[in-house]
Amino acid sequence: MDPKQKITGLRAGIATILAAAMLLAFPASSYAQNREYSIKAAYLYNLARYVTWPAGAFQNKTSPVVIGVVGENPFGNKLDKIAAKRKANGRSIIIQQFQRWAPACADCHILFVSKNDPAMTQAVVRASAGRPILVVGEVPGGAKQGAPVNFQMRPNTSIAIEINIGVVMRRQLQVNAKLLNLADIIKGN
């Protein structure tokens, strides 16, 4: 075999190995993101269970808990599946999707803002200020920047729940002690 053919064959072999490695890497990455948003969907459901809204936040005792997703929806149908099967404190759950803050967002009890647009998180926090809406972000330092709740990825790939207790109280929301014990409490803002 000619040396040029050996080099060409070696290059083709390396290219094949690299292509296979990339194909294997992407599903793992996709799996990790799928797992991350399965956990975050469960956290949103539990926030609906362990947060108490003021009486005026619901039209009546059977009104649903409305969870809005602002921006890109990283959950796929995970939240819809939870809403179809579960209740939060006897209330059904409705999921709504918004591209950005809109007047209809004010009817939500929980607003999740995707990490793909950190400026959107701040815009939603400002627009919903003074209302009993639990804004949930997922940007580094989100709770310190005024989001009532923030999901924070830890170096070990676990997901921390940060709760800015001052902001939560100003929004007239109460967080159950069980949830507070699991969360990182942020004070200030």
# chains A, B, ... in the order shown; residues from 1 in each chain; ligands from 1
$ select_by_dssp --residues "chain A" --states "strand (DSSP E or B)" --output "number ranges by chain"
A: 51-52, 65-70, 88, 91, 93-98, 110-113, 134-137, 149-153, 159-164, 174-175, 184-186
$ write_last_selection --atoms "N, CA and C atoms" --output "compact mmCIF listing (two decimals), in the first residue's frame"
# COMPACT_ATOMS: atom_id res chain seq x y z
N VAL A 51 -46.69 26.86 47.74
CA VAL A 51 -46.80 28.31 47.85
C VAL A 51 -48.28 28.63 48.03
N THR A 52 -48.55 29.58 48.92
CA THR A 52 -49.92 30.02 49.16
C THR A 52 -50.07 31.43 48.61
N VAL A 65 -54.80 26.74 39.09
CA VAL A 65 -53.49 27.37 39.19
C VAL A 65 -52.99 27.51 37.75
N VAL A 66 -52.60 28.70 37.37
CA VAL A 66 -52.14 28.94 36.00
C VAL A 66 -50.62 29.11 36.02
N ILE A 67 -49.95 28.23 35.28
CA ILE A 67 -48.49 28.29 35.14
C ILE A 67 -48.21 28.75 33.72
N GLY A 68 -47.51 29.87 33.61
CA GLY A 68 -47.14 30.39 32.30
C GLY A 68 -45.66 30.16 32.03
N VAL A 69 -45.35 29.93 30.78
CA VAL A 69 -43.96 29.80 30.33
C VAL A 69 -43.71 30.96 29.38
N VAL A 70 -42.75 31.82 29.74
CA VAL A 70 -42.45 33.00 28.93
C VAL A 70 -41.17 32.74 28.14
N ALA A 88 -53.01 20.82 42.30
CA ALA A 88 -52.22 21.52 43.32
C ALA A 88 -53.19 22.04 44.37
N ARG A 91 -56.73 22.18 43.24
CA ARG A 91 -57.00 22.99 42.04
C ARG A 91 -56.38 22.32 40.82
N ILE A 93 -54.59 22.41 37.12
CA ILE A 93 -53.44 23.21 36.66
C ILE A 93 -53.62 23.46 35.17
N ILE A 94 -53.40 24.70 34.77
CA ILE A 94 -53.44 25.08 33.36
C ILE A 94 -52.06 25.62 32.98
N ILE A 95 -51.57 25.21 31.81
CA ILE A 95 -50.28 25.69 31.30
C ILE A 95 -50.54 26.64 30.13
N GLN A 96 -49.90 27.79 30.16
CA GLN A 96 -50.02 28.76 29.07
C GLN A 96 -48.63 29.14 28.58
N GLN A 97 -48.53 29.47 27.31
CA GLN A 97 -47.26 29.85 26.68
C GLN A 97 -47.33 31.30 26.20
N PHE A 98 -46.27 32.07 26.48
CA PHE A 98 -46.18 33.47 26.05
C PHE A 98 -44.81 33.69 25.42
N ILE A 110 -47.87 31.37 38.48
CA ILE A 110 -46.44 31.09 38.34
C ILE A 110 -46.05 31.43 36.91
N LEU A 111 -44.95 32.16 36.76
CA LEU A 111 -44.40 32.47 35.44
C LEU A 111 -42.97 31.98 35.38
N PHE A 112 -42.71 31.00 34.55
CA PHE A 112 -41.36 30.50 34.34
C PHE A 112 -40.78 31.24 33.14
N VAL A 113 -39.56 31.77 33.30
CA VAL A 113 -38.90 32.49 32.21
C VAL A 113 -37.65 31.72 31.81
N LEU A 134 -45.57 34.37 41.14
CA LEU A 134 -44.29 33.77 41.47
C LEU A 134 -43.49 33.62 40.19
N VAL A 135 -42.58 34.55 39.95
CA VAL A 135 -41.72 34.49 38.77
C VAL A 135 -40.57 33.56 39.08
N VAL A 136 -40.34 32.62 38.18
CA VAL A 136 -39.27 31.62 38.35
C VAL A 136 -38.30 31.78 37.19
N GLY A 137 -37.07 32.14 37.52
CA GLY A 137 -36.04 32.28 36.50
C GLY A 137 -35.07 31.12 36.56
N VAL A 149 -38.09 33.37 42.68
CA VAL A 149 -37.50 32.03 42.70
C VAL A 149 -36.57 31.90 41.50
N ASN A 150 -35.50 31.18 41.69
CA ASN A 150 -34.55 30.94 40.60
C ASN A 150 -34.04 29.52 40.71
N PHE A 151 -33.99 28.83 39.56
CA PHE A 151 -33.36 27.51 39.50
C PHE A 151 -31.91 27.73 39.12
N GLN A 152 -31.01 27.20 39.92
CA GLN A 152 -29.58 27.40 39.71
C GLN A 152 -28.89 26.06 39.56
N MET A 153 -28.19 25.86 38.45
CA MET A 153 -27.43 24.62 38.26
C MET A 153 -26.18 24.68 39.15
N ILE A 159 -29.80 20.66 40.76
CA ILE A 159 -30.50 21.92 40.57
C ILE A 159 -30.92 22.46 41.92
N ALA A 160 -30.44 23.65 42.24
CA ALA A 160 -30.80 24.31 43.49
C ALA A 160 -32.00 25.21 43.25
N ILE A 161 -32.83 25.34 44.27
CA ILE A 161 -33.93 26.30 44.24
C ILE A 161 -33.52 27.46 45.12
N GLU A 162 -33.41 28.64 44.54
CA GLU A 162 -33.12 29.85 45.31
C GLU A 162 -34.44 30.60 45.49
N ILE A 163 -34.68 31.04 46.72
CA ILE A 163 -35.89 31.81 47.00
C ILE A 163 -35.48 33.14 47.62
N ASN A 164 -35.88 34.22 46.97
CA ASN A 164 -35.65 35.56 47.50
C ASN A 164 -36.84 35.88 48.39
N GLN A 174 -46.80 33.18 50.36
CA GLN A 174 -46.23 32.48 51.50
C GLN A 174 -45.67 31.14 51.02
N VAL A 175 -44.48 30.84 51.47
CA VAL A 175 -43.82 29.58 51.09
C VAL A 175 -43.83 28.65 52.28
N ASP A 184 -32.22 27.44 48.89
CA ASP A 184 -31.20 28.40 49.29
C ASP A 184 -31.93 29.72 49.45
N ILE A 185 -31.93 30.28 50.64
CA ILE A 185 -32.67 31.51 50.91
C ILE A 185 -31.78 32.70 50.59
N ILE A 186 -32.33 33.58 49.76
CA ILE A 186 -31.64 34.82 49.37
C ILE A 186 -32.37 35.96 50.08
$ residues_around --residues "Leu179 (chain A)" --least-positions-apart "3" --cutoff "9 Å" --atoms "only C-alpha atoms" --output "list in words"
Asn46, Leu47, Tyr50, Val51, Val175, Asn176, Leu182 and Ala183 of chain A
$ atom_distance --atom1 "CA of Asn89 (chain A)" --atom2 "CA of Glu138 (chain A)"
25.1 Å
$ select_by_dssp --residues "region 18-106 of chain A" --states "helix (DSSP H, G or I)" --output "MDAnalysis selection string"
chainID A and resid 18:50 55:57 78:85 103:106
$ atom_distance --atom1 "CA of Pro118 (chain A)" --atom2 "CA of Arg100 (chain A)"
12.1 Å
